[in-house]
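S.K.: Next comes work-v4.cif, mmCIF, C-alpha atoms and all ligand atoms:
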data_start
loop_
_atom_site.label_atom_id
_atom_site.label_comp_id
_atom_site.auth_asym_id
_atom_site.auth_seq_id
_atom_site.Cartn_x
_atom_site.Cartn_y
_atom_site.Cartn_z
CA MET A 1 0.00 0.00 0.00
CA THR A 2 2.38 2.73 1.09
CA LEU A 3 5.86 2.92 -0.17
CA ILE A 4 9.21 3.95 1.06
CA LEU A 5 9.45 7.49 2.23
CA VAL A 6 12.69 9.29 1.54
CA THR A 7 13.32 11.24 4.70
CA MET A 8 16.13 12.38 6.93
CA THR A 9 14.72 10.16 9.68
CA LYS A 10 15.94 6.57 9.74
CA THR A 11 12.79 4.43 9.53
CA LEU A 12 13.55 1.58 11.91
CA TYR A 13 9.99 0.20 11.68
CA LEU A 14 10.59 -0.68 8.00
CA GLU A 15 13.61 -2.80 8.85
CA ASP A 16 12.40 -4.53 12.01
CA SER A 17 8.70 -4.21 12.79
CA TYR A 18 9.32 -5.94 16.15
CA GLN A 19 11.59 -3.22 17.52
CA LYS A 20 9.74 -1.76 20.51
CA GLU A 21 12.30 0.79 21.79
CA CYS A 22 15.07 2.96 20.46
CA ASP A 23 17.32 5.87 21.41
CA SER A 24 17.01 8.95 19.24
CA THR A 25 18.12 12.53 18.91
CA VAL A 26 15.62 15.33 18.35
CA LEU A 27 16.40 16.95 14.98
CA SER A 28 13.76 19.67 15.16
CA VAL A 29 10.62 20.76 17.00
CA LYS A 30 7.88 22.74 15.25
CA ASP A 31 5.23 24.71 17.16
CA GLU A 32 6.71 23.23 20.35
CA LYS A 33 5.10 19.79 19.97
CA TYR A 34 5.76 18.39 16.48
CA VAL A 35 8.98 16.48 16.81
CA VAL A 36 11.31 15.13 14.12
CA LEU A 37 13.81 12.47 15.24
CA ASP A 38 17.01 11.15 13.67
CA GLN A 39 15.57 7.63 13.83
CA THR A 40 12.18 6.28 14.80
CA ILE A 41 10.21 3.14 15.59
CA PHE A 42 6.89 5.01 15.23
CA TYR A 43 4.90 4.24 12.09
CA PRO A 44 3.38 7.39 10.53
CA LYS A 45 -0.23 7.16 9.38
CA GLY A 46 -0.43 6.20 5.74
CA GLY A 47 -1.17 3.51 3.20
CA GLY A 48 -4.25 2.35 5.09
CA GLN A 49 -2.35 1.75 8.32
CA PRO A 50 -2.98 3.97 11.36
CA HIS A 51 -0.16 5.71 13.16
CA ASP A 52 1.58 4.27 16.20
CA THR A 53 1.38 5.71 19.67
CA GLY A 54 3.78 5.46 22.60
CA LYS A 55 6.21 7.53 24.62
CA ILE A 56 9.23 9.73 24.09
CA ILE A 57 11.21 9.91 27.31
CA LYS A 58 13.74 12.62 28.12
CA GLN A 59 15.53 11.91 31.37
CA ASN A 60 12.61 11.61 33.82
CA GLU A 61 10.01 13.33 31.73
CA THR A 62 7.56 11.36 29.59
CA PHE A 63 5.96 12.83 26.47
CA ASN A 64 3.06 10.84 25.08
CA VAL A 65 3.09 10.43 21.33
CA VAL A 66 -0.50 11.09 20.28
CA TYR A 67 -0.11 11.22 16.50
CA VAL A 68 2.55 10.42 13.92
CA GLY A 69 2.27 11.63 10.34
CA LYS A 70 4.25 12.57 7.28
CA PHE A 71 4.40 16.27 6.66
CA GLN A 72 6.47 17.89 3.92
CA GLY A 73 8.58 14.79 3.59
CA GLU A 74 9.27 14.46 7.30
CA ILE A 75 7.98 12.07 9.94
CA SER A 76 6.43 14.27 12.60
CA HIS A 77 5.64 12.99 16.11
CA GLU A 78 2.99 15.01 17.90
CA VAL A 79 3.52 14.94 21.66
CA ASP A 80 1.01 15.84 24.38
CA HIS A 81 2.97 18.69 25.95
CA VAL A 82 5.81 21.08 25.26
CA GLY A 83 9.39 20.74 26.49
CA LEU A 84 11.37 18.86 23.85
CA LYS A 85 14.00 20.75 21.93
CA GLN A 86 16.51 20.28 19.17
CA GLY A 87 19.49 18.17 20.19
CA ASP A 88 17.73 16.38 23.07
CA ARG A 89 18.70 12.75 23.53
CA VAL A 90 15.53 10.73 24.07
CA HIS A 91 14.31 7.18 24.49
CA CYS A 92 11.30 5.99 22.46
CA GLU A 93 8.85 3.29 23.50
CA LEU A 94 6.09 1.93 21.33
CA ASP A 95 2.57 1.08 22.49
CA TRP A 96 3.28 -2.46 21.44
CA SER A 97 -0.17 -4.00 21.96
CA ARG A 98 -1.71 -1.47 19.55
CA ARG A 99 1.07 -1.90 16.99
CA TYR A 100 1.11 -5.70 17.18
CA ARG A 101 -2.63 -5.83 16.58
CA LEU A 102 -2.17 -3.59 13.55
CA MET A 103 0.63 -5.84 12.28
CA ARG A 104 -1.62 -8.89 12.58
CA SER A 105 -4.46 -7.02 10.86
CA HIS A 106 -2.24 -5.77 8.08
CA THR A 107 -0.91 -9.22 7.26
CA ALA A 108 -4.48 -10.58 7.43
CA ALA A 109 -5.56 -7.89 4.96
CA HIS A 110 -2.88 -8.96 2.49
CA VAL A 111 -3.99 -12.59 2.70
CA PHE A 112 -7.64 -11.65 2.21
CA ALA A 113 -6.84 -9.35 -0.74
CA SER A 114 -4.71 -12.04 -2.31
CA LEU A 115 -7.45 -14.67 -1.98
CA LEU A 116 -10.05 -12.30 -3.43
CA CYS A 117 -7.80 -11.30 -6.32
CA THR A 118 -6.92 -14.87 -7.20
CA GLY A 119 -10.36 -16.31 -6.56
CA VAL A 120 -12.73 -13.71 -7.93
CA GLY A 121 -10.34 -11.57 -9.93
CA VAL A 122 -11.32 -8.32 -8.26
CA LEU A 123 -9.10 -5.37 -7.63
CA VAL A 124 -9.32 -3.99 -4.16
CA THR A 125 -10.23 -0.31 -4.48
CA GLY A 126 -9.75 0.66 -0.85
CA ASN A 127 -8.45 -0.74 2.38
CA GLN A 128 -8.26 0.82 5.81
CA LEU A 129 -7.03 -0.76 9.00
CA GLU A 130 -8.50 0.43 12.26
CA GLU A 131 -7.53 -0.66 15.72
CA ASP A 132 -10.57 -2.95 16.04
CA LYS A 133 -11.49 -3.73 12.44
CA ILE A 134 -10.35 -3.97 8.85
CA ARG A 135 -12.28 -2.42 5.98
CA PHE A 136 -12.13 -3.53 2.35
CA ASP A 137 -13.74 -1.96 -0.70
CA PHE A 138 -13.84 -3.78 -3.98
CA SER A 139 -15.69 -3.80 -7.22
CA LEU A 140 -17.88 -6.83 -7.88
CA GLU A 141 -21.38 -7.19 -9.26
CA LYS A 142 -22.35 -10.57 -7.90
CA PHE A 143 -21.78 -10.60 -4.21
CA ASP A 144 -23.13 -12.47 -1.28
CA ARG A 145 -22.21 -12.95 2.31
CA GLN A 146 -21.84 -16.70 1.93
CA THR A 147 -19.10 -16.31 -0.68
CA LEU A 148 -17.24 -13.90 1.56
CA GLU A 149 -17.54 -16.28 4.48
CA GLN A 150 -15.84 -18.87 2.31
CA TYR A 151 -12.93 -16.51 1.72
CA ILE A 152 -12.69 -15.80 5.42
CA ASP A 153 -12.58 -19.58 6.03
CA LYS A 154 -9.83 -19.98 3.43
CA ALA A 155 -7.83 -17.21 5.08
CA ASN A 156 -8.30 -18.80 8.50
CA GLU A 157 -6.96 -22.10 7.17
CA LEU A 158 -3.79 -20.28 6.07
CA PHE A 159 -3.45 -18.61 9.49
CA LYS A 160 -3.11 -22.07 11.05
CA LYS A 161 -0.07 -22.81 8.92
CA ASP A 162 3.58 -22.08 9.47
CA ILE A 163 4.03 -19.65 6.56
CA PRO A 164 6.80 -17.02 6.81
CA VAL A 165 6.34 -13.38 5.87
CA LYS A 166 9.35 -11.42 4.62
CA TRP A 167 10.00 -7.86 3.54
CA TYR A 168 12.80 -6.47 1.42
CA GLU A 169 13.56 -3.81 -1.17
CA LEU A 170 13.96 -4.41 -4.89
CA PRO A 171 14.99 -2.14 -7.73
CA ARG A 172 11.81 -0.71 -9.22
CA ASP A 173 12.15 -2.40 -12.65
CA GLU A 174 12.70 -5.79 -11.08
CA ALA A 175 9.82 -5.34 -8.63
CA LEU A 176 7.35 -4.33 -11.33
CA LYS A 177 8.01 -7.60 -13.19
CA ILE A 178 6.37 -9.50 -10.31
CA PRO A 179 2.80 -10.37 -11.35
CA GLY A 180 0.13 -8.93 -9.07
CA LEU A 181 2.56 -6.83 -7.05
CA ILE A 182 0.13 -3.93 -7.02
CA LYS A 183 -3.20 -5.29 -5.78
CA MET A 184 -4.54 -2.16 -4.30
CA ALA A 185 -5.87 0.23 -6.90
CA GLU A 186 -3.84 3.00 -5.36
CA ALA A 187 -1.43 5.23 -7.12
CA PHE A 188 2.12 5.35 -5.83
CA PRO A 189 4.97 7.74 -6.53
CA PRO A 190 6.25 6.86 -9.99
CA ASN A 191 9.80 7.97 -9.40
CA LEU A 192 10.98 5.76 -6.53
CA PRO A 193 14.10 3.86 -7.59
CA ARG A 194 13.40 1.00 -5.17
CA LEU A 195 10.18 -0.59 -3.97
CA ARG A 196 9.61 -2.40 -0.72
CA VAL A 197 8.04 -5.81 -1.17
CA VAL A 198 6.13 -7.74 1.48
CA GLU A 199 6.11 -11.43 0.64
CA ILE A 200 3.91 -14.11 2.15
CA VAL A 201 6.15 -16.95 1.12
CA GLY A 202 4.54 -19.09 -1.56
CA TYR A 203 1.31 -17.04 -1.65
CA ASP A 204 1.64 -13.36 -2.26
CA LYS A 205 3.92 -10.43 -2.98
CA GLN A 206 2.83 -6.82 -2.63
CA ALA A 207 4.48 -3.45 -2.88
CA ASP A 208 4.00 -2.18 0.64
CA GLY A 209 5.45 0.07 3.30
CA GLY A 210 3.51 -1.24 6.29
CA THR A 211 4.43 -3.34 9.30
CA HIS A 212 3.71 -7.07 9.32
CA VAL A 213 4.07 -10.18 11.46
CA ARG A 214 6.83 -12.66 10.57
CA ASN A 215 4.57 -15.69 10.24
CA LEU A 216 0.91 -16.23 9.31
CA LYS A 217 0.50 -18.21 12.54
CA GLU A 218 0.79 -14.93 14.47
CA VAL A 219 -2.33 -13.49 12.85
CA GLY A 220 -4.66 -15.79 14.77
CA GLN A 221 -8.14 -16.00 13.23
CA ILE A 222 -10.43 -13.46 11.58
CA LYS A 223 -14.20 -13.14 11.39
CA LEU A 224 -16.63 -11.26 9.16
CA LEU A 225 -18.34 -8.31 10.82
CA LYS A 226 -20.56 -6.86 8.12
CA THR A 227 -20.97 -6.31 4.43
CA GLU A 228 -22.43 -3.31 2.61
CA ASN A 229 -23.43 -2.47 -0.93
CA LYS A 230 -22.16 0.96 -1.91
CA GLY A 231 -23.71 1.27 -5.35
CA LYS A 232 -24.16 -1.12 -8.26
CA THR A 233 -20.77 -2.80 -8.08
CA ASN A 234 -19.05 -1.23 -5.09
CA ARG A 235 -18.85 -3.56 -2.14
CA ARG A 236 -17.60 -2.94 1.35
CA VAL A 237 -16.71 -5.57 3.90
CA TYR A 238 -15.52 -5.31 7.48
CA PHE A 239 -13.73 -8.06 9.33
CA THR A 240 -11.84 -8.26 12.57
CA LEU A 241 -9.28 -10.33 14.44
CA SER A 242 -11.12 -12.80 16.64
ZN ZN B 301 -0.31 -3.52 2.92
#
Mind converting the file's structure to structure tokens?
M.R.:
Amino acid sequence: MTLILVTMTKTLYLEDSYQKECDSTVLSVKDEKYVVLDQTIFYPKGGGQPHDTGKIIKQNETFNVVYVGKFQGEISHEVDHVGLKQGDRVHCELDWSRRYRLMRSHTAAHVFASLLCTGVGVLVTGNQLEEDKIRFDFSLEKFDRQTLEQYIDKANELFKKDIPVKWYELPRDEALKIPGLIKMAEAFPPNLPRLRVVEIVGYDKQADGGTHVRNLKEVGQIKLLKTENKGKTNRRVYFTLS
């Protein structure tokens, strides 16, 4: 979904999505509470994945990270009170239970999209992860709940298996030769020299900048919440981790 952001901040979450803490230096502070770090474990909202939350600790003072976003090419951490300044050495801690749930959801979403694409041949037109549910939009005329339940069952069978998930970068030309790499009908910057690929080994490869679990077994199980018709062929489905 999202792709690699070229930024002055080292994006640790892209390399190791299991890293829960790091030491950083404050590069800049805008309006007293929008903080740019030299390296970060906090995922900025984007590509259908919500931002992380957590803490930035300076000596004995804790700043809660309430929002993380990309602004003007920078990863900006919004903290709940003023006091951080350029050059501060800080310690970052992720709200791991929130992030881990999002990682499980994100990997589940890839599996579901892959099954739908292969099975019904639809292109997913939208996908949004929330903390408690996963939303999918796709274009399909014939649509019934029973069919979707079957796809949920298929996904749940895969989540019982020991199937590794890997992520790595490839040169753009090489990446674009992979069939089905772009499943989401979302535009992405055309000028990136390298693309990040998330691979569910033996099942799926997608261009993606999100955080994922290392094995399908970690997802657990999913269940269908509700389905909606949004026009003649636009379908919306919500599912959740169970
Ligand atoms: Zn994704």
S.K.: Compute the set of protein, DNA and RNA residues whose minimum atom distance to ligand ZN 301 (chain B) is at most 8 Å, using only C-alpha atoms and all ligand atoms, and state it as a list in words.
M.R.: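 These are the residues that qualify: Met1, Thr2, Gly47, Gly48, Gln49, His106, Thr107, Ala109, His110, Val198, Gln206, Ala207, Asp208, Gly209, Gly210 and Thr211 of chain A.
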S.K.: Tell me, as a list in words, which residues lie within 10 Å of Tyr18 (chain A), counting all atoms listed in the file; anything in the same chain fewer than 5 positions away does not count.
M.R.: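 In the requested format, the answer is Leu12, Tyr13, Ile41, Leu94, Trp96, Arg99, Tyr100, Met103, Thr211, His212, Val213 and Arg214 of chain A.
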S.K.: Would you write out those residues with C-alpha atoms, as a PDB file, in the frame of the given file?
M.R.:
ATOM      1  CA  LEU A  12      13.550   1.580  11.910  1.00  0.00           C
ATOM      2  CA  TYR A  13       9.990   0.200  11.680  1.00  0.00           C
ATOM      3  CA  ILE A  41      10.210   3.140  15.590  1.00  0.00           C
ATOM      4  CA  LEU A  94       6.090   1.930  21.330  1.00  0.00           C
ATOM      5  CA  TRP A  96       3.280  -2.460  21.440  1.00  0.00           C
ATOM      6  CA  ARG A  99       1.070  -1.900  16.990  1.00  0.00           C
ATOM      7  CA  TYR A 100       1.110  -5.700  17.180  1.00  0.00           C
ATOM      8  CA  MET A 103       0.630  -5.840  12.280  1.00  0.00           C
ATOM      9  CA  THR A 211       4.430  -3.340   9.300  1.00  0.00           C
ATOM     10  CA  HIS A 212       3.710  -7.070   9.320  1.00  0.00           C
ATOM     11  CA  VAL A 213       4.070 -10.180  11.460  1.00  0.00           C
ATOM     12  CA  ARG A 214       6.830 -12.660  10.570  1.00  0.00           C
TER      13      ARG A 214
END
S.K.: Can you work out which one of A:Ile152, A:Pro193, A:Pro164, A:Ile182 has the shortest atom-to-atom distance to Gln221 (chain A), counting all atoms listed in the file?
M.R.: A:Ile152
S.K.: Got a sec to check which residues sit within 10 Å of (-4.5, 0.1, 13.2), counting only C-alpha atoms, and write them as a VMD selection string?
M.R.: chain A and resid 45 48 to 52 98 to 106 128 to 134
S.K.: Please, could you write that set of residues out with C-alpha atoms as a short mmCIF file (atom, residue, chain, number, x, y, z; two decimals), keeping the file's coordinate frame?
M.R.:
data_model
loop_
_atom_site.label_atom_id
_atom_site.label_comp_id
_atom_site.auth_asym_id
_atom_site.auth_seq_id
_atom_site.Cartn_x
_atom_site.Cartn_y
_atom_site.Cartn_z
CA LYS A 45 -0.23 7.16 9.38
CA GLY A 48 -4.25 2.35 5.09
CA GLN A 49 -2.35 1.75 8.32
CA PRO A 50 -2.98 3.97 11.36
CA HIS A 51 -0.16 5.71 13.16
CA ASP A 52 1.58 4.27 16.20
CA ARG A 98 -1.71 -1.47 19.55
CA ARG A 99 1.07 -1.90 16.99
CA TYR A 100 1.11 -5.70 17.18
CA ARG A 101 -2.63 -5.83 16.58
CA LEU A 102 -2.17 -3.59 13.55
CA MET A 103 0.63 -5.84 12.28
CA ARG A 104 -1.62 -8.89 12.58
CA SER A 105 -4.46 -7.02 10.86
CA HIS A 106 -2.24 -5.77 8.08
CA GLN A 128 -8.26 0.82 5.81
CA LEU A 129 -7.03 -0.76 9.00
CA GLU A 130 -8.50 0.43 12.26
CA GLU A 131 -7.53 -0.66 15.72
CA ASP A 132 -10.57 -2.95 16.04
CA LYS A 133 -11.49 -3.73 12.44
CA ILE A 134 -10.35 -3.97 8.85
#
S.K.: Please identify all polymer residues within 8 Å of region 63-65 of chain A, counting all atoms listed in the file, omitting same-chain residues fewer than 2 positions from it, and present them as an mmCIF file with C-alpha atoms, in the coordinates of the input.
M.R.:
data_model
loop_
_atom_site.group_PDB
_atom_site.id
_atom_site.type_symbol
_atom_site.label_atom_id
_atom_site.label_comp_id
_atom_site.auth_asym_id
_atom_site.auth_seq_id
_atom_site.Cartn_x
_atom_site.Cartn_y
_atom_site.Cartn_z
ATOM 1 C CA THR A 53 1.380 5.710 19.670
ATOM 2 C CA GLY A 54 3.780 5.460 22.600
ATOM 3 C CA LYS A 55 6.210 7.530 24.620
ATOM 4 C CA ILE A 56 9.230 9.730 24.090
ATOM 5 C CA ILE A 57 11.210 9.910 27.310
ATOM 6 C CA LYS A 58 13.740 12.620 28.120
ATOM 7 C CA GLU A 61 10.010 13.330 31.730
ATOM 8 C CA TYR A 67 -0.110 11.220 16.500
ATOM 9 C CA VAL A 68 2.550 10.420 13.920
ATOM 10 C CA HIS A 77 5.640 12.990 16.110
ATOM 11 C CA GLU A 78 2.990 15.010 17.900
ATOM 12 C CA VAL A 79 3.520 14.940 21.660
ATOM 13 C CA ASP A 80 1.010 15.840 24.380
ATOM 14 C CA HIS A 81 2.970 18.690 25.950
#
S.K.: Neighbourhood query: residues within 12 Å of (9.8, -7.8, -10.8), file coordinates, counting all atoms listed in the file; return as a list in words.
M.R.: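 Result, sorted by chain then residue number: Glu169, Leu170, Pro171, Arg172, Asp173, Glu174, Ala175, Leu176, Lys177, Ile178, Pro179, Gly180, Leu181, Ile182, Arg194, Leu195, Arg196, Val197, Lys205, Gln206 and Ala207 of chain A.
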S.K.: Can those selected residues be exported to a file as a PDB file, in the frame of the given file so that it contains C-alpha atoms?
M.R.:
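Once written, again_17.pdb looks like this:
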ATOM      1  CA  GLU A 169      13.560  -3.810  -1.170  1.00  0.00           C
ATOM      2  CA  LEU A 170      13.960  -4.410  -4.890  1.00  0.00           C
ATOM      3  CA  PRO A 171      14.990  -2.140  -7.730  1.00  0.00           C
ATOM      4  CA  ARG A 172      11.810  -0.710  -9.220  1.00  0.00           C
ATOM      5  CA  ASP A 173      12.150  -2.400 -12.650  1.00  0.00           C
ATOM      6  CA  GLU A 174      12.700  -5.790 -11.080  1.00  0.00           C
ATOM      7  CA  ALA A 175       9.820  -5.340  -8.630  1.00  0.00           C
ATOM      8  CA  LEU A 176       7.350  -4.330 -11.330  1.00  0.00           C
ATOM      9  CA  LYS A 177       8.010  -7.600 -13.190  1.00  0.00           C
ATOM     10  CA  ILE A 178       6.370  -9.500 -10.310  1.00  0.00           C
ATOM     11  CA  PRO A 179       2.800 -10.370 -11.350  1.00  0.00           C
ATOM     12  CA  GLY A 180       0.130  -8.930  -9.070  1.00  0.00           C
ATOM     13  CA  LEU A 181       2.560  -6.830  -7.050  1.00  0.00           C
ATOM     14  CA  ILE A 182       0.130  -3.930  -7.020  1.00  0.00           C
ATOM     15  CA  ARG A 194      13.400   1.000  -5.170  1.00  0.00           C
ATOM     16  CA  LEU A 195      10.180  -0.590  -3.970  1.00  0.00           C
ATOM     17  CA  ARG A 196       9.610  -2.400  -0.720  1.00  0.00           C
ATOM     18  CA  VAL A 197       8.040  -5.810  -1.170  1.00  0.00           C
ATOM     19  CA  LYS A 205       3.920 -10.430  -2.980  1.00  0.00           C
ATOM     20  CA  GLN A 206       2.830  -6.820  -2.630  1.00  0.00           C
ATOM     21  CA  ALA A 207       4.480  -3.450  -2.880  1.00  0.00           C
TER      22      ALA A 207
END
S.K.: When you draw a straight line from CA of Tyr151 (chain A) to CA of Tyr168 (chain A), how long is it in Å?
M.R.: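 Pair CA of Tyr151 (chain A) / CA of Tyr168 (chain A) returns 27.6 Å.
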S.K.: In Å, with one decimal, what is the gap from CA of Glu218 (chain A) to CA of Lys160 (chain A)?
M.R.: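 Distance between the two atoms: 8.8 Å.
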S.K.: Please report the interatomic distance between CA of Glu21 (chain A) and CA of Asp162 (chain A) in Å with one decimal.
M.R.: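 Rounded to one decimal, the two atoms are 27.4 Å apart.
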S.K.: Determine the nearest neighbour of Glu157 (chain A) from the options A:Met8, A:Leu216, A:Val66, A:Leu14, counting all atoms listed in the file.
M.R.: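 Smallest distance to Glu157 (chain A) is found for A:Leu216.
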S.K.: Near Ser242 (chain A), within 8 Å and counting all atoms listed in the file, which residues show up once chain neighbours fewer than 2 positions away are dropped, as a ChimeraX atom specification?
M.R.: /A:220-223,240
S.K.: Take every atom of region 36-47 of chain A listed in the file, pad by 8 Å on each side, and give me the axis-aligned box centre and edge lengths in Å, one decimal, as lines of an AutoDock Vina configuration file.
M.R.:
center_x = 7.9
center_y = 9.1
center_z = 9.4
size_x = 34.2
size_y = 28.0
size_z = 28.4
S.K.: With all heavy atoms as the goal, would you fill in the gaps in region 170-179 of chain A and present it as a PDB file, keeping the file's coordinate frame?
M.R.:
ATOM      1  N   LEU A 170      13.487  -3.994  -3.567  1.00  0.00           N
ATOM      2  CA  LEU A 170      13.960  -4.410  -4.890  1.00  0.00           C
ATOM      3  C   LEU A 170      14.059  -3.179  -5.771  1.00  0.00           C
ATOM      4  O   LEU A 170      13.299  -2.229  -5.588  1.00  0.00           O
ATOM      5  CB  LEU A 170      12.958  -5.381  -5.528  1.00  0.00           C
ATOM      6  CG  LEU A 170      12.869  -6.813  -5.013  1.00  0.00           C
ATOM      7  CD1 LEU A 170      11.798  -7.562  -5.794  1.00  0.00           C
ATOM      8  CD2 LEU A 170      14.209  -7.534  -5.120  1.00  0.00           C
ATOM      9  N   PRO A 171      14.995  -3.228  -6.752  1.00  0.00           N
ATOM     10  CA  PRO A 171      14.990  -2.140  -7.730  1.00  0.00           C
ATOM     11  C   PRO A 171      13.625  -2.108  -8.411  1.00  0.00           C
ATOM     12  O   PRO A 171      13.021  -3.153  -8.660  1.00  0.00           O
ATOM     13  CB  PRO A 171      16.077  -2.551  -8.728  1.00  0.00           C
ATOM     14  CG  PRO A 171      16.914  -3.554  -8.003  1.00  0.00           C
ATOM     15  CD  PRO A 171      16.024  -4.228  -7.009  1.00  0.00           C
ATOM     16  N   ARG A 172      13.163  -0.908  -8.693  1.00  0.00           N
ATOM     17  CA  ARG A 172      11.810  -0.710  -9.220  1.00  0.00           C
ATOM     18  C   ARG A 172      11.499  -1.598 -10.438  1.00  0.00           C
ATOM     19  O   ARG A 172      10.457  -2.259 -10.475  1.00  0.00           O
ATOM     20  CB  ARG A 172      11.674   0.774  -9.585  1.00  0.00           C
ATOM     21  CG  ARG A 172      10.365   1.139 -10.167  1.00  0.00           C
ATOM     22  CD  ARG A 172      10.398   2.579 -10.684  1.00  0.00           C
ATOM     23  NE  ARG A 172       9.162   2.858 -11.379  1.00  0.00           N
ATOM     24  CZ  ARG A 172       8.031   3.181 -10.762  1.00  0.00           C
ATOM     25  NH1 ARG A 172       7.982   3.259  -9.458  1.00  0.00           N
ATOM     26  NH2 ARG A 172       6.942   3.392 -11.448  1.00  0.00           N
ATOM     27  N   ASP A 173      12.410  -1.627 -11.423  1.00  0.00           N
ATOM     28  CA  ASP A 173      12.150  -2.400 -12.650  1.00  0.00           C
ATOM     29  C   ASP A 173      11.943  -3.868 -12.341  1.00  0.00           C
ATOM     30  O   ASP A 173      11.054  -4.516 -12.870  1.00  0.00           O
ATOM     31  CB  ASP A 173      13.337  -2.257 -13.620  1.00  0.00           C
ATOM     32  CG  ASP A 173      13.427  -0.843 -14.174  1.00  0.00           C
ATOM     33  OD1 ASP A 173      12.486  -0.059 -13.916  1.00  0.00           O
ATOM     34  OD2 ASP A 173      14.427  -0.528 -14.846  1.00  0.00           O
ATOM     35  N   GLU A 174      12.788  -4.380 -11.453  1.00  0.00           N
ATOM     36  CA  GLU A 174      12.700  -5.790 -11.080  1.00  0.00           C
ATOM     37  C   GLU A 174      11.386  -6.068 -10.346  1.00  0.00           C
ATOM     38  O   GLU A 174      10.702  -7.051 -10.608  1.00  0.00           O
ATOM     39  CB  GLU A 174      13.897  -6.119 -10.179  1.00  0.00           C
ATOM     40  CG  GLU A 174      14.257  -7.581 -10.106  1.00  0.00           C
ATOM     41  CD  GLU A 174      15.442  -7.784  -9.168  1.00  0.00           C
ATOM     42  OE1 GLU A 174      16.443  -7.033  -9.311  1.00  0.00           O
ATOM     43  OE2 GLU A 174      15.355  -8.645  -8.290  1.00  0.00           O
ATOM     44  N   ALA A 175      11.034  -5.153  -9.432  1.00  0.00           N
ATOM     45  CA  ALA A 175       9.820  -5.340  -8.630  1.00  0.00           C
ATOM     46  C   ALA A 175       8.578  -5.350  -9.525  1.00  0.00           C
ATOM     47  O   ALA A 175       7.676  -6.173  -9.341  1.00  0.00           O
ATOM     48  CB  ALA A 175       9.713  -4.231  -7.596  1.00  0.00           C
ATOM     49  N   LEU A 176       8.549  -4.458 -10.494  1.00  0.00           N
ATOM     50  CA  LEU A 176       7.350  -4.330 -11.330  1.00  0.00           C
ATOM     51  C   LEU A 176       7.148  -5.512 -12.284  1.00  0.00           C
ATOM     52  O   LEU A 176       6.099  -5.675 -12.881  1.00  0.00           O
ATOM     53  CB  LEU A 176       7.362  -3.009 -12.096  1.00  0.00           C
ATOM     54  CG  LEU A 176       7.207  -1.762 -11.192  1.00  0.00           C
ATOM     55  CD1 LEU A 176       7.247  -0.482 -12.014  1.00  0.00           C
ATOM     56  CD2 LEU A 176       5.937  -1.822 -10.350  1.00  0.00           C
ATOM     57  N   LYS A 177       8.162  -6.382 -12.384  1.00  0.00           N
ATOM     58  CA  LYS A 177       8.010  -7.600 -13.190  1.00  0.00           C
ATOM     59  C   LYS A 177       7.237  -8.680 -12.427  1.00  0.00           C
ATOM     60  O   LYS A 177       6.796  -9.661 -13.006  1.00  0.00           O
ATOM     61  CB  LYS A 177       9.387  -8.163 -13.578  1.00  0.00           C
ATOM     62  CG  LYS A 177      10.045  -7.386 -14.700  1.00  0.00           C
ATOM     63  CD  LYS A 177      11.387  -8.017 -15.081  1.00  0.00           C
ATOM     64  CE  LYS A 177      12.228  -7.049 -15.895  1.00  0.00           C
ATOM     65  NZ  LYS A 177      13.659  -7.212 -15.635  1.00  0.00           N
ATOM     66  N   ILE A 178       7.080  -8.502 -11.115  1.00  0.00           N
ATOM     67  CA  ILE A 178       6.370  -9.500 -10.310  1.00  0.00           C
ATOM     68  C   ILE A 178       4.868  -9.381 -10.582  1.00  0.00           C
ATOM     69  O   ILE A 178       4.292  -8.315 -10.384  1.00  0.00           O
ATOM     70  CB  ILE A 178       6.650  -9.302  -8.803  1.00  0.00           C
ATOM     71  CG1 ILE A 178       8.153  -9.433  -8.509  1.00  0.00           C
ATOM     72  CG2 ILE A 178       5.855 -10.295  -7.964  1.00  0.00           C
ATOM     73  CD1 ILE A 178       8.551  -9.031  -7.106  1.00  0.00           C
ATOM     74  N   PRO A 179       4.227 -10.466 -11.048  1.00  0.00           N
ATOM     75  CA  PRO A 179       2.800 -10.370 -11.350  1.00  0.00           C
ATOM     76  C   PRO A 179       1.981 -10.086 -10.079  1.00  0.00           C
ATOM     77  O   PRO A 179       2.240 -10.671  -9.033  1.00  0.00           O
ATOM     78  CB  PRO A 179       2.441 -11.758 -11.904  1.00  0.00           C
ATOM     79  CG  PRO A 179       3.722 -12.488 -12.069  1.00  0.00           C
ATOM     80  CD  PRO A 179       4.767 -11.807 -11.255  1.00  0.00           C
TER      81      PRO A 179
END
